[in-house]
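Shown next: coords-v7.txt, containing compact mmCIF, C-alpha atoms.
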# COMPACT_ATOMS: atom_id res chain seq x y z
CA MET A 1 0.00 0.00 0.00
CA SER A 2 1.52 3.20 -1.13
CA ALA A 3 1.70 6.19 1.16
CA VAL A 4 -0.21 9.27 0.12
CA ALA A 5 1.84 12.46 0.29
CA PRO A 6 0.20 15.13 2.39
CA ALA A 7 -1.25 18.02 0.40
CA ARG A 8 0.80 21.19 0.50
CA PRO A 9 -0.96 24.28 1.73
CA SER A 10 -1.74 26.68 -1.06
CA ALA A 11 0.53 29.71 -1.20
CA VAL A 12 -1.16 32.90 -0.19
CA ARG A 13 0.19 36.16 -1.57
CA ARG A 14 0.36 38.79 1.08
CA THR A 15 0.49 42.47 0.31
CA LEU A 16 2.77 44.42 2.60
CA THR A 17 1.57 47.90 3.27
CA THR A 18 3.35 50.51 5.29
CA ARG A 19 1.82 53.61 6.73
CA PRO A 20 4.13 56.62 6.58
CA THR A 21 4.92 58.12 9.91
CA ALA A 22 4.63 61.79 10.72
CA GLN A 23 8.40 62.13 10.33
CA ASP A 24 8.27 60.63 6.83
CA VAL A 25 5.44 62.94 5.78
CA GLY A 26 7.25 65.97 7.18
CA PHE A 27 10.52 65.07 5.48
CA VAL A 28 8.86 64.54 2.08
CA ALA A 29 6.96 67.81 2.41
CA ALA A 30 10.12 69.72 3.34
CA ALA A 31 12.11 68.23 0.47
CA ARG A 32 9.31 68.94 -2.00
CA SER A 33 8.97 72.50 -0.74
CA ALA A 34 12.70 73.09 -1.09
CA ALA A 35 12.69 71.78 -4.67
CA VAL A 36 9.68 73.87 -5.67
CA SER A 37 11.10 76.96 -3.92
CA THR A 38 14.33 76.64 -5.89
CA LEU A 39 12.46 76.55 -9.18
CA VAL A 40 10.24 79.46 -8.14
CA ILE A 41 13.19 81.61 -7.09
CA MET A 42 15.06 80.89 -10.33
CA GLY A 43 11.94 81.73 -12.32
CA LEU A 44 11.41 84.99 -10.44
CA ILE A 45 15.02 86.01 -11.04
CA GLY A 46 14.61 85.34 -14.76
CA ILE A 47 11.33 87.29 -14.88
CA PHE A 48 12.90 90.24 -13.03
CA LEU A 49 15.83 90.36 -15.44
CA LEU A 50 13.55 90.03 -18.46
CA ILE A 51 11.27 92.86 -17.33
CA GLY A 52 14.21 95.14 -16.55
CA ALA A 53 16.00 94.30 -19.81
CA TRP A 54 12.96 94.55 -22.06
CA PRO A 55 13.47 98.24 -23.09
CA ALA A 56 17.03 97.50 -24.24
CA LEU A 57 16.09 94.24 -25.92
CA HIS A 58 13.12 95.89 -27.65
CA SER A 59 15.20 98.77 -28.97
CA GLN A 60 18.18 96.70 -30.12
CA GLY A 61 16.60 93.37 -31.06
CA TRP A 62 19.06 90.70 -32.14
CA HIS A 63 21.72 93.39 -32.55
CA PHE A 64 22.05 93.28 -28.77
CA LEU A 65 23.85 89.96 -29.21
CA THR A 66 25.92 90.93 -32.26
CA THR A 67 27.01 94.52 -31.56
CA THR A 68 30.49 94.94 -30.11
CA GLU A 69 30.13 98.59 -29.05
CA TRP A 70 28.63 99.88 -25.82
CA LEU A 71 27.33 103.40 -26.47
CA PRO A 72 23.88 103.66 -24.84
CA GLU A 73 23.88 107.44 -25.23
CA THR A 74 23.90 107.03 -29.01
CA GLY A 75 21.49 104.10 -29.03
CA THR A 76 24.11 101.57 -30.16
CA PHE A 77 25.13 98.94 -27.68
CA GLY A 78 25.50 95.17 -27.47
CA ILE A 79 27.28 92.41 -25.61
CA ALA A 80 29.02 90.47 -28.39
CA SER A 81 32.48 91.46 -27.17
CA LEU A 82 31.49 90.94 -23.53
CA LEU A 83 30.19 87.45 -24.24
CA TRP A 84 33.32 86.57 -26.18
CA GLY A 85 35.55 87.84 -23.38
CA THR A 86 33.55 85.86 -20.83
CA ILE A 87 34.02 82.67 -22.82
CA LEU A 88 37.76 83.32 -23.25
CA VAL A 89 38.33 83.89 -19.54
CA GLY A 90 36.25 80.80 -18.69
CA LEU A 91 38.21 78.58 -21.09
CA PHE A 92 41.57 79.75 -19.75
CA ALA A 93 40.28 79.17 -16.22
CA LEU A 94 39.34 75.59 -17.09
CA CYS A 95 42.74 75.02 -18.69
CA VAL A 96 44.29 75.85 -15.33
CA ALA A 97 41.77 74.40 -12.89
CA VAL A 98 40.88 71.06 -14.51
CA PRO A 99 44.36 69.48 -14.85
CA LEU A 100 45.53 70.76 -11.47
CA GLY A 101 42.26 69.87 -9.77
CA PHE A 102 42.19 66.39 -11.29
CA GLY A 103 45.76 65.67 -10.24
CA ALA A 104 45.28 67.09 -6.76
CA ALA A 105 42.07 65.12 -6.25
CA LEU A 106 43.75 61.86 -7.30
CA PHE A 107 46.75 62.51 -5.09
CA ILE A 108 44.66 63.30 -2.01
CA SER A 109 42.32 60.37 -2.57
CA GLU A 110 44.74 57.67 -3.70
CA TYR A 111 48.38 58.53 -2.99
CA ALA A 112 48.59 60.86 0.01
CA PRO A 113 49.64 59.24 3.32
CA ARG A 114 46.90 58.94 5.91
CA SER A 115 48.62 61.50 8.14
CA LEU A 116 48.74 64.02 5.28
CA LYS A 117 45.30 63.41 3.76
CA GLY A 118 43.34 65.19 6.49
CA PRO A 119 45.39 68.41 6.42
CA LEU A 120 45.24 68.50 2.60
CA VAL A 121 41.45 68.14 2.60
CA THR A 122 41.17 70.92 5.17
CA LEU A 123 43.51 73.12 3.14
CA VAL A 124 41.45 72.67 -0.04
CA ASP A 125 38.23 73.47 1.83
CA LEU A 126 39.81 76.59 3.32
CA MET A 127 40.97 77.74 -0.12
CA ALA A 128 37.39 77.46 -1.35
CA ALA A 129 36.25 79.66 1.53
CA VAL A 130 38.72 82.49 0.85
CA PRO A 131 36.88 85.64 -0.37
CA SER A 132 37.36 86.57 -4.01
CA ILE A 133 38.77 89.99 -3.10
CA VAL A 134 41.78 88.26 -1.52
CA TYR A 135 42.44 86.36 -4.74
CA ALA A 136 41.98 89.60 -6.68
CA MET A 137 44.63 91.42 -4.63
CA TRP A 138 47.02 88.46 -4.93
CA ALA A 139 46.50 88.26 -8.69
CA LEU A 140 46.91 92.01 -9.20
CA PHE A 141 50.05 92.53 -7.12
CA PHE A 142 51.79 89.15 -7.45
CA LEU A 143 50.47 86.85 -10.15
CA GLN A 144 50.31 89.35 -13.00
CA ALA A 145 53.96 90.36 -12.66
CA HIS A 146 55.07 86.72 -12.90
CA MET A 147 52.68 85.82 -15.72
CA LEU A 148 54.07 88.55 -18.01
CA THR A 149 57.21 86.51 -18.64
CA ILE A 150 55.18 83.40 -19.49
CA ALA A 151 52.86 85.33 -21.80
CA GLN A 152 55.81 86.94 -23.58
CA TRP A 153 57.55 83.58 -23.96
CA LEU A 154 54.41 82.02 -25.46
CA SER A 155 54.03 84.90 -27.89
CA VAL A 156 57.66 84.92 -29.03
CA HIS A 157 58.07 81.15 -29.44
CA PHE A 158 54.60 80.07 -30.58
CA GLY A 159 53.23 83.28 -32.08
CA PRO A 160 54.78 82.67 -35.53
CA MET A 161 53.01 79.30 -35.75
CA LEU A 162 49.77 80.20 -33.91
CA PRO A 163 48.41 83.61 -34.96
CA PHE A 164 46.13 83.96 -31.93
CA LEU A 165 49.20 84.03 -29.66
CA ARG A 166 50.69 87.06 -31.37
CA VAL A 167 50.68 90.59 -29.98
CA GLN A 168 51.28 93.87 -31.75
CA THR A 169 54.47 94.78 -29.86
CA PRO A 170 55.89 91.50 -28.52
CA ASP A 171 59.00 93.11 -27.03
CA SER A 172 57.05 95.41 -24.69
CA PRO A 173 55.96 93.84 -21.37
CA SER A 174 53.09 96.34 -21.11
CA SER A 175 51.44 94.70 -24.11
CA TYR A 176 50.72 91.60 -22.01
CA THR A 177 49.23 93.20 -18.90
CA SER A 178 45.50 93.07 -18.14
CA SER A 179 44.87 90.39 -20.74
CA ALA A 180 42.28 87.64 -20.96
CA PHE A 181 45.06 85.11 -20.44
CA ILE A 182 46.16 86.54 -17.08
CA ALA A 183 42.57 87.04 -15.95
CA GLY A 184 41.75 83.46 -16.92
CA VAL A 185 44.70 82.07 -14.97
CA ALA A 186 43.65 84.06 -11.90
CA VAL A 187 40.04 82.86 -12.19
CA GLY A 188 41.35 79.31 -12.64
CA VAL A 189 43.07 79.56 -9.26
CA VAL A 190 39.79 80.78 -7.75
CA VAL A 191 37.76 77.81 -9.05
CA LEU A 192 40.53 75.27 -8.43
CA PRO A 193 39.47 74.39 -4.84
CA THR A 194 35.87 73.78 -5.94
CA VAL A 195 36.89 71.49 -8.80
CA THR A 196 39.36 69.62 -6.58
CA SER A 197 36.88 69.13 -3.75
CA ILE A 198 34.14 67.70 -5.97
CA MET A 199 36.45 65.29 -7.78
CA ARG A 200 38.09 64.14 -4.56
CA GLU A 201 34.74 63.34 -2.95
CA VAL A 202 33.72 61.19 -5.91
CA PHE A 203 37.07 59.38 -6.17
CA ALA A 204 36.94 58.57 -2.46
CA GLN A 205 33.57 56.83 -2.91
CA ALA A 206 34.84 54.22 -5.37
CA PRO A 207 33.75 50.78 -4.01
CA ILE A 208 36.35 49.02 -1.87
CA GLY A 209 35.33 45.63 -3.25
CA GLU A 210 36.03 46.62 -6.83
CA ARG A 211 39.34 48.19 -5.84
CA GLU A 212 40.45 44.99 -4.10
CA GLY A 213 39.10 42.85 -6.93
CA ALA A 214 41.19 44.70 -9.50
CA ILE A 215 44.33 44.35 -7.39
CA ALA A 216 43.58 40.65 -6.77
CA LEU A 217 43.41 40.09 -10.52
CA GLY A 218 46.94 41.47 -10.88
CA ALA A 219 46.36 45.16 -11.55
CA THR A 220 48.87 47.64 -10.22
CA HIS A 221 47.78 50.57 -8.11
CA CYS A 222 47.91 52.82 -11.16
CA GLY A 223 45.96 50.26 -13.18
CA MET A 224 43.32 50.02 -10.46
CA ILE A 225 42.89 53.78 -10.54
CA ARG A 226 42.62 53.77 -14.32
CA THR A 227 40.08 50.92 -14.50
CA VAL A 228 38.03 51.45 -11.33
CA VAL A 229 38.40 54.86 -9.70
CA ILE A 230 38.35 57.09 -12.78
CA PRO A 231 35.42 55.30 -14.52
CA PHE A 232 33.47 55.35 -11.26
CA GLY A 233 34.11 59.08 -10.85
CA ARG A 234 33.32 60.09 -14.44
CA ALA A 235 30.12 61.87 -13.46
CA GLY A 236 31.93 63.69 -10.67
CA ILE A 237 34.65 64.82 -13.06
CA VAL A 238 32.06 66.23 -15.46
CA GLY A 239 30.14 67.84 -12.61
CA GLY A 240 33.28 69.43 -11.19
CA ILE A 241 34.29 70.82 -14.57
CA MET A 242 30.86 72.29 -15.26
CA LEU A 243 30.51 73.75 -11.77
CA GLY A 244 33.94 75.31 -12.14
CA LEU A 245 32.94 76.73 -15.52
CA GLY A 246 29.79 78.23 -14.03
CA ARG A 247 31.84 79.84 -11.26
CA ALA A 248 34.38 81.14 -13.79
CA LEU A 249 31.72 82.68 -16.03
CA GLY A 250 30.27 84.64 -13.14
CA GLU A 251 33.51 85.68 -11.44
CA THR A 252 33.52 89.46 -11.06
CA ILE A 253 36.00 91.04 -8.68
CA VAL A 254 39.07 89.10 -9.86
CA VAL A 255 38.46 89.94 -13.51
CA TYR A 256 37.52 93.53 -12.67
CA ALA A 257 40.78 94.03 -10.77
CA ILE A 258 43.00 92.69 -13.56
CA ILE A 259 41.61 93.42 -17.01
CA SER A 260 41.80 96.63 -18.97
CA PRO A 261 38.23 97.13 -20.30
CA ALA A 262 38.12 97.02 -24.09
CA PHE A 263 35.40 96.32 -26.60
CA GLY A 264 35.87 94.29 -29.72
CA LEU A 265 36.12 90.63 -30.61
CA THR A 266 39.75 90.18 -29.73
CA THR A 267 41.51 87.22 -31.32
CA ARG A 268 44.69 87.75 -29.29
CA PRO A 269 44.08 86.67 -25.70
CA LEU A 270 47.69 87.36 -24.68
CA GLN A 271 47.34 91.03 -25.60
CA SER A 272 46.16 93.66 -23.15
CA GLY A 273 42.47 94.49 -23.21
CA THR A 274 39.30 92.46 -22.83
CA ASN A 275 36.05 92.52 -20.88
CA THR A 276 33.47 90.16 -19.43
CA ILE A 277 29.78 90.49 -18.70
CA ALA A 278 30.14 90.27 -14.93
CA SER A 279 32.98 92.80 -14.67
CA HIS A 280 31.23 95.18 -17.08
CA ILE A 281 28.07 95.14 -14.98
CA ALA A 282 30.10 95.79 -11.82
CA SER A 283 31.98 98.71 -13.38
CA ARG A 284 28.97 100.43 -15.02
CA TYR A 285 26.05 99.71 -12.71
CA SER A 286 26.49 102.68 -10.34
CA GLU A 287 26.67 105.24 -13.16
CA SER A 288 23.98 103.85 -15.45
CA ASN A 289 20.30 104.73 -15.73
CA GLY A 290 17.54 104.51 -18.25
CA VAL A 291 18.34 102.44 -21.30
CA ALA A 292 21.93 101.92 -20.14
CA LEU A 293 20.72 100.27 -16.95
CA SER A 294 18.29 98.20 -18.98
CA GLY A 295 21.19 97.09 -21.16
CA LEU A 296 23.12 95.95 -18.11
CA LEU A 297 20.12 93.95 -16.95
CA GLY A 298 19.95 92.47 -20.44
CA ALA A 299 23.60 91.46 -20.16
CA GLY A 300 22.82 89.85 -16.82
CA LEU A 301 19.90 88.00 -18.39
CA VAL A 302 22.14 86.60 -21.12
CA LEU A 303 24.71 85.47 -18.55
CA PHE A 304 21.94 83.91 -16.47
CA LEU A 305 20.59 81.95 -19.44
CA PHE A 306 24.09 80.99 -20.58
CA THR A 307 25.03 79.48 -17.23
CA LEU A 308 21.62 77.79 -17.07
CA VAL A 309 22.25 76.12 -20.44
CA VAL A 310 25.75 75.04 -19.36
CA ASN A 311 24.43 73.46 -16.17
CA THR A 312 21.57 71.78 -18.04
CA LEU A 313 24.01 70.23 -20.49
CA ALA A 314 26.16 69.13 -17.57
CA GLY A 315 23.13 67.45 -16.01
CA VAL A 316 22.45 65.58 -19.22
CA VAL A 317 26.05 64.41 -19.46
CA VAL A 318 26.11 63.35 -15.81
CA SER A 319 22.83 61.46 -16.15
CA ARG A 320 24.27 59.47 -19.06
CA SER A 321 27.50 58.66 -17.23
CA ARG A 322 26.47 57.83 -13.70
CA SER A 323 29.30 57.15 -11.30
CA GLY A 324 30.03 53.44 -11.29
CA ALA A 325 28.19 52.71 -14.53
CA SER A 326 31.36 51.46 -16.20
CA THR A 327 32.32 49.28 -13.25
CA GLU A 328 29.03 47.47 -12.77
CA ILE A 329 28.80 43.81 -13.75

As structure tokens - that is how I would like this structure written.
Amino acid sequence: MSAVAPARPSAVRRTLTTRPTAQDVGFVAAARSAAVSTLVIMGLIGIFLLIGAWPALHSQGWHFLTTTEWLPETGTFGIASLLWGTILVGLFALCVAVPLGFGAALFISEYAPRSLKGPLVTLVDLMAAVPSIVYAMWALFFLQAHMLTIAQWLSVHFGPMLPFLRVQTPDSPSSYTSSAFIAGVAVGVVVLPTVTSIMREVFAQAPIGEREGAIALGATHCGMIRTVVIPFGRAGIVGGIMLGLGRALGETIVVYAIISPAFGLTTRPLQSGTNTIASHIASRYSESNGVALSGLLGAGLVLFLFTLVVNTLAGVVVSRSRSGASTEI
């Protein structure tokens, strides 16, 4: 007689429900309010700038973006030269801040001894907290005098091959003062701590398991950094670069202290004379009224939209290269 197997109880699907606590509801409401408030404030700033700039934009039209002169009293003014100078200074700043920031972040995160890592992190954070006026004084009285030799050397040795490195009188040191190159280097030093801090934080968060796995498979320390740490921190690298660019585009006091204001689409960044939107607004705001003040608000609106576009593009790039995406299995 065969034994009959006992019948198994039928599986019952249970639905787990959780009731949010008062703390959860409060936290979600606070986070949502903060997000909405940020969007509202940004929108109000844009509306304020648009209303204030409308008389200038209405009178100039698209010429406001293509005119290189700034003569509000004659009805002819535009920000083409200011926008070009802003981009030049920002690019030179990135050329200084990105390589140095990337190397410093890797050294602090991966190579610095434990006893030295803490003081270096503190030093970088303190550099980011230094007011811009201090950097402006340092750049005006110290950095510019030492950068003249470098600018002159670049012009003499590379000017014949690269026309944009030429100056009109290459033998005169005064031809290199107050240039977009020197202003860009100074702004690069200003944004360097920010770029370094962001990259270091991301590099330090690379998973320990993947680090040890790479070394266990025979990778050297340098190879582990190249195959694990840097791919994991790709989004942080992009974010640091874009945040540094946004800071460089809006830097005011450092550029204002160094440059010699000049209008025109200069193609010689080593030569004296340039201008940026932020420094132009700072230098003309107190003495402007009427359509001239409206033009300055229009320049601020363009800078606001330009930085907004840069940060939006950075967000798209970061979202497509999430940290750790290349190291996931």

Neighbour list for Met147 (chain A) as a JSON list (two decimals) with C-alpha atoms, in the coordinates of the input, cut-off 10 Å, all atoms listed in the file, skip fewer than 6 positions in-chain:
[["chain", "number", "residue", "atom", "x", "y", "z"],
["A", 139, "ALA", "CA", 46.50, 88.26, -8.69],
["A", 153, "TRP", "CA", 57.55, 83.58, -23.96],
["A", 176, "TYR", "CA", 50.72, 91.60, -22.01],
["A", 177, "THR", "CA", 49.23, 93.20, -18.90],
["A", 181, "PHE", "CA", 45.06, 85.11, -20.44],
["A", 182, "ILE", "CA", 46.16, 86.54, -17.08],
["A", 185, "VAL", "CA", 44.70, 82.07, -14.97],
["A", 186, "ALA", "CA", 43.65, 84.06, -11.90]]

For Leu71 (chain A), which residue among A:Ser109, A:Ser288, A:Thr196, A:Gln205 is the nearest when counting all atoms listed in the file?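 Using all atoms listed in the file, the shortest distance to Leu71 (chain A) belongs to A:Ser288.
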
Top pick for closest residue to Val195 (chain A), considering A:Val255, A:Leu65, A:Leu270, A:Ala93 and counting only C-alpha atoms: A:Ala93

9 Å contact set for Val302 (chain A), all atoms listed in the file, chain neighbours under 5 positions out, as a list in words: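 Using all atoms listed in the file, the neighbours found are Leu65, Ile79, Leu83, Ile277, Leu297 and Thr307 of chain A.
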
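Nearest to Gly250 (chain A) of all the residues A:Leu313, A:Ile208, A:Val238, A:Val89 is A:Val89, counting all atoms listed in the file.
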
Every residue with an atom at most 8 Å from (26.0, 84.0, -17.4) (file coordinates; all atoms listed in the file) is what I'm after, so could you write them as a ChimeraX atom specification? /A:246,249-250,277-278,300-308

Please, which residues are within 7 Å of (43.9, 92.1, -10.7) by the file's coordinates, counting only C-alpha atoms, and could they come as a PDB file with C-alpha atoms, in the frame of the given file?
ATOM      1  CA  ALA A 136      41.980  89.600  -6.680  1.00  0.00           C
ATOM      2  CA  MET A 137      44.630  91.420  -4.630  1.00  0.00           C
ATOM      3  CA  ALA A 139      46.500  88.260  -8.690  1.00  0.00           C
ATOM      4  CA  LEU A 140      46.910  92.010  -9.200  1.00  0.00           C
ATOM      5  CA  VAL A 254      39.070  89.100  -9.860  1.00  0.00           C
ATOM      6  CA  VAL A 255      38.460  89.940 -13.510  1.00  0.00           C
ATOM      7  CA  TYR A 256      37.520  93.530 -12.670  1.00  0.00           C
ATOM      8  CA  ALA A 257      40.780  94.030 -10.770  1.00  0.00           C
ATOM      9  CA  ILE A 258      43.000  92.690 -13.560  1.00  0.00           C
ATOM     10  CA  ILE A 259      41.610  93.420 -17.010  1.00  0.00           C
TER      11      ILE A 259
END

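CA of Ile237 (chain A) sits 15.0 Å away from CA of Ile108 (chain A).
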
Pick out the closest residue to Val190 (chain A) from this set: A:Phe232, A:Tyr135, A:Phe203, A:Phe141. Count all atoms listed in the file.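 The answer is A:Tyr135, which sits nearest to Val190 (chain A).
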
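Between Gly46 (chain A) and the residues A:Gly240, A:Gly298, A:Ala105, A:Pro207, the shortest atom-to-atom distance, using all atoms listed in the file, involves A:Gly298.
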
Which residues are near Leu148 (chain A)? Cut-off 8 Å, only C-alpha atoms, ignore same chain within fewer than 3 positions. Put them as a PyMOL selection string. chain A and resi 144-145+151-152+173+176-177

Would you compute, for all listed atoms of region 145-158 of chain A, the axis-aligned bounding box grown by 6 Å on each side, and then report its centre and edge lengths in Å rounded to one decimal, as AutoDock Vina command-line options?
--center_x 55.4 --center_y 85.2 --center_z -21.6 --size_x 17.4 --size_y 22.3 --size_z 29.9

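Among the candidates A:Ala216, A:Ala29, A:Ala22, A:Cys222, the residue lying nearest to Phe107 (chain A) is A:Cys222 (atoms considered: only C-alpha atoms).
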
How far is it from CA of Gly118 (chain A) to CA of Val96 (chain A), in Å with one decimal?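 Separating CA of Gly118 (chain A) from CA of Val96 (chain A) is a distance of 24.3 Å.
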
Using all atoms listed in the file, determine which residues lie at most 12 Å from Ala129 (chain A), disregarding the query and same-chain residues fewer than 6 positions distant; provide the list as a PyMOL selection string. chain A and resi 122-123+135+190-194+197

Quick one: residues within 12 Å of Gly236 (chain A), all atoms listed in the file counted, chain neighbours fewer than 5 positions away excluded, as a VMD selection string? chain A and resid 102 105 194 to 206 229 to 231 241 to 244 314 to 315 317 to 319 321 to 324

Go ahead and compute the interatomic distance for CA of Leu100 (chain A) and CA of Arg226 (chain A), in Å to one decimal. 17.5 Å
